[in-house]
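Visitor: Sharing a structure below in C-alpha cells format, with a few things to ask.
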Amino acid sequence: MSEERSLNFIEEIIENDLNSGKYKTLITRFPPEPNGYLHIGHAKAICLNFGLTKKYGGYTNLRFDDTNPVTEKTEYVDSQQADIKWLGFEWKNELYTSDYFETLYQFAVKLIQDGLAYVDHSTAEEIAQAKGTPTEPGKDSIYRSRSIEENLDLFTRMKNGEFPDGACILRAKIDMAHTNMLMRDPIIYRIKHADHHRTGSTWCIYPMYDFAHGQSDSIESITHSLCTLEYVSHRELYDWFIEKLEIFPSHQYEFARLNLTYTVMSKRKLLQLVNEGHVSGWNDPRMPTISGLRRRGYTAASIREFCERIGIAKRENLIELSLLEFCVREDLNKTANRVMAVMDPIKMIITNYNQDSEILIGENNPEAEDKGGQREIPFSKELWIEREDFMEEPAKKWFRLAPGAMVRLKFAYIVKCEDFKKDENGNITEIYCTYFPDSKSGEDTSGINVKGTIHWVSAMHAKTAEIRNYDRLFTVESPDSEEGDFKDYLNPDSVEVIENAYIEPYLAEANAETGYQFIRKGYYTLDSDSTAEKLVFNRTVSLKDAWAKGKK
RNA sequence: UGCCCGAUAGUAUAAAGGUAGUACAACGGUUUUUGGUACCGUUUGUCUAGGUUCGAAUCCUGGUCGGGCAACCA
C-alpha cells in the first residue's frame with residue numbers, strides 16, 4: 001500500500017488484515033467518556049483512529065462511553081464534538097454506549113444463563129479483601145455458587161430497582177486465582193440510582209467499562225479497537241466476554257499514550273487546576289486541552305502535524321514541548337500576516353522629519369505563496385519603539401539602536417540615533433534620531449547598509465491592546481514524576497500581562513481564528529476576552545530568538 | 001514476591017537477519033529590510049551478558065532498568 005513511508009505497528013497489522021482478506025473494510029472508533037474536555041493526548045488518539053480510515057478507507061465512529069451517569073454531562077458531549085470537528089475530522093456515526101444498555105443487559109442475562117455470572121451481596125470492602133493481591137490468589141465469594149434461577153431472579157430485581165446502591169453487584173464467574181487480577185470475577189453491573197444524561201431514570205443498573213467497551217465495539221463491528229497501554233491487561237477480559245457471548249470478534253490493540261514536557265495530562269489533575277483556580281478554566285490558553293490550545297492560537301493543522309510526527313509505538317514516551325512549538329511556528333510562518341506591536345514602549349522622535357505623517361505600504365507575509373497582500377502603515381515624527389531595542393552602552397555584536405548607531409525601521413526608513421534623554425532615576429525616556437529620506441523601504445537609494453531592523457508604531461496613530469504572553473505552565477519537565485504535589489511546580493510566571501501595548505491601526509480589525517506574527521516577537525491571536533473597546537491578544541508561541549539565546 | 005508490557009543519539013521515531021536513517025533539540029555557517037524564515041554543515045545512539053548465524057538493533061536464553069495490574073472509574 002504505502003511503500004515510501006514506514007508503517008507504525010498498527011498500520012502493519014491493518015495492512016496484513018486487509019491484504020489477507022480478514023477484513024474487507026476498516027472500522028475504528030474514538031470512544032471518549034463525556035466527563036471532561038479533550039486534550040492533546042486525545043488528539044493523538046483522534047488523529048490515529050480517523051487518520052487510519054482516511055488512509056485505508058472504511059470509517060470511524062464517534063462513541064461516547066457513557067456508562068457512569070454520575071460523572072457525565074451533555075456539556076462535555078458538546079465540547080468533545082466541537083473539538084473533534086475543529087481538528088478536522090468527521091465521524092460516520094454518532095453513537096452512545098447508553099444506546100446499547102438493553103443489549104448489554106441481555107448479554108448479562110445470557111452469561112447468567114450459561115452459569116458464567118452471579119449476583120454478589122458482599123460489600124465493596126469484602127470484595128476487595130477477597131480479591132487477593134498480585135502475588136496471592138483471591139477467595140471465592142460465598143455467593144459464587146448460587147443457582148442460575150436465583151441469579152436470574154436477583155438480577156431482574158436489581159434492574160427493577162428493588163435494591164439500594166451498593167446492595168449487590170453482578171460479577172462474571174471466571175477464576176479467583178487468576179494471575180491477571182482483572183480476571184478474578186470482575187464486577188460487570190452495579191446499582192446506581194442516578195439520572196443519566198441520556199437515558200434519565202430508565203436504568204438503575206449500569207455496566208462497568210469492561211462489560212461495555214468490547215461489546216460495543218462488537219456491536220459496531222469495529223475491526224481494530226485502539227486504546228492506550230493501561231488497557232493491555234484488560235484485553236484478556238475483552239476477549240473472554242466476546243468469546244463467551246459469541247459475538248463479532250473485535251480486536252484490541254494498545255499504543256503508548258502521549259506525555260508532554262512541562263505539562264500534566266491526566267483529567268484528574270487538569271480538573272484540579274480548573275477547580276482550584278490555578279487557571280481560568282478548561283480553555284485557559286495554558287491548558288493542554290484542545291480548547292485551550294485553540295484559544296492560545298494553535299491551529300488544527302499544527303496539532304495534526306504534531307500527532308503525525310510523534311509517531312505511534314508501545315514504549316512510554318515524554319515528548320518535548322519544543323516539537324509542538326515547532327509545528328505551530330511552521331504552520332503560522334506560512335499563514336500569519338506580519339504586523340507591528342510595541343510591548344514595552346519608549347518614544348523615538350525623528351528630529352528632521354518635517355511632515356505630519358505619511359502612509360507606508362507593508363507586505364503582509366513574505367513567506368506566504370500570495371505574499372498575503374499589502375496594507376497601509378502610518379508613519380510620523382514620533383514613534384513608539386521597544387525599550388529593549390536601545391542600549392546606551394552597546395554590547396558586542398549589538399545590531400540595534402545605540403548612540404550614533406543606525407537601524408532600519410521596518411517598512412520605513414533608516415534612522416540614526418543622535419541623542420537620548422533620561423529621567424532622574426536614570427531611565428531612558430526619549431530617543432532622538434535623524435532619518436534618511438532617500439532610504440525609504442522599497443525605494444532605497446541611500447546606499448547605507450545597516451545590520452539591524454526594528455519594529456515600531458506611530459505614536460499618533462497607535463491603538464492600544466492588552467497582550468498576554470504565555471509561557472509553560474510548569475517549571476519542571478515532568479511535574480507528575482517529581483516529589484511532592486505536582487502543583488508545587490506551577491510556573492508563577494506562566495503569563496505576563498501587558499495592559500497597554502501599542503499596536504498598529506491595522507490590528508484594530510483583527511479577527512479571532514487568525515494568527516498574526518508580531519514582527520520579531522512571536523505569533524499572536526485575538527483572545528475571546530476581547531471587546532470592541534479593548535482588544536486582547538494571546539501569544540501562541542514566541543519566535544526563536546538567537547540573540548537572547550546567545551546572551552545566556 | 002506473581003502476571004503483563006517495554007528498552008535505538010538529549011527527545012521521539014525508522015531500519016520485516018545484510019550501509020543504524022529521519023525529525024525536533026543543541027552547536028556552527030550562508031542568505032536576509034524580522035537576531036524570524038530558508039539553506040548548508042557538525043556533534044550525539046542499538047540496556048547488559050551469553051547463544052544461533054557468513055552476518056544480529058532485529059532471533060533465543062539469562063540479567064538489569066522503566067511502566068502497568070489489587071475503583072461498585074473509564
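Residue names in the C-alpha cells use chain letters A, B, ... in the order shown, residue numbers from 1 in each chain, and ligand numbers from 1 in the order shown.
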Set the distance at 10 Å and use only C-alpha atoms (C1' of nucleotides): which residues neighbour A9 in chain B once local chain neighbours fewer than 4 positions away are removed? I'd like the list as a list in words.

Guide: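 Answer for this query is U43, U44, G45 and U46 of chain B.
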
Visitor: Considering only C-alpha atoms (C1' of nucleotides), give me a table of residues in chain A that are at most 7 Å from chain B, with the closest atom pair and distance in Å for each, as a Markdown table.

Guide:
```
| residue | atom | partner | partner_atom | distance |
| --- | --- | --- | --- | --- |
| A:Ser6 | CA | B:A14 | C1' | 6.7 |
| A:Glu33 | CA | B:A74 | C1' | 6.8 |
| A:Ala124 | CA | B:C72 | C1' | 6.7 |
| A:Lys131 | CA | B:A70 | C1' | 6.7 |
| A:Gly132 | CA | B:A70 | C1' | 6.6 |
| A:Thr133 | CA | B:A70 | C1' | 4.9 |
| A:Pro134 | CA | B:G2 | C1' | 5.7 |
| A:Thr135 | CA | B:G2 | C1' | 4.2 |
| A:Gly166 | CA | B:C72 | C1' | 6.4 |
| A:Ile169 | CA | B:C72 | C1' | 7.0 |
| A:Thr179 | CA | B:C3 | C1' | 5.2 |
| A:Asn180 | CA | B:C3 | C1' | 5.9 |
| A:Met181 | CA | B:A70 | C1' | 6.5 |
| A:Arg190 | CA | B:C72 | C1' | 5.3 |
| A:Tyr209 | CA | B:A74 | C1' | 6.3 |
| A:Glu230 | CA | B:G68 | C1' | 6.0 |
| A:Ser233 | CA | B:C4 | C1' | 6.5 |
| A:Ile310 | CA | B:A12 | C1' | 6.0 |
| A:Gly311 | CA | B:U13 | C1' | 6.2 |
| A:Lys314 | CA | B:G6 | C1' | 6.9 |
| A:Arg315 | CA | B:G6 | C1' | 5.5 |
| A:Ile319 | CA | B:U11 | C1' | 6.1 |
| A:Glu320 | CA | B:U11 | C1' | 5.9 |
| A:Leu323 | CA | B:C24 | C1' | 5.4 |
| A:Arg408 | CA | B:U33 | C1' | 7.0 |
| A:Lys410 | CA | B:U33 | C1' | 6.3 |
| A:Thr453 | CA | B:U33 | C1' | 6.5 |
| A:Ile519 | CA | B:U34 | C1' | 5.6 |
| A:Arg520 | CA | B:U34 | C1' | 5.0 |
| A:Leu543 | CA | B:G36 | C1' | 6.4 |
| A:Lys544 | CA | B:G36 | C1' | 6.8 |
| A:Asp545 | CA | B:G35 | C1' | 6.5 |
| A:Ala546 | CA | B:G35 | C1' | 5.5 |
| A:Trp547 | CA | B:G35 | C1' | 5.0 |
```

Visitor: As number ranges by chain, please: every residue in range 235-319 of chain A that DSSP puts in strand (DSSP E).

Guide: A: 251-255

Visitor: As an MDAnalysis selection string, please: the residues near range 76-93 of chain A (cut-off 9 Å, only C-alpha atoms (C1' of nucleotides), same-chain neighbours under 4 positions excluded).

Guide: chainID A and resid 29:30 32:38 43 46:47 50:51 59:64 72 290:291 294 299:301 303:304

Visitor: Go through A:Met348, A:Ala465, A:Asn333, A:Glu477 and flag the residue nearest Thr434 in chain A, using only C-alpha atoms for the distances.

Guide: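 The closest residue to Thr434 in chain A is A:Met348.
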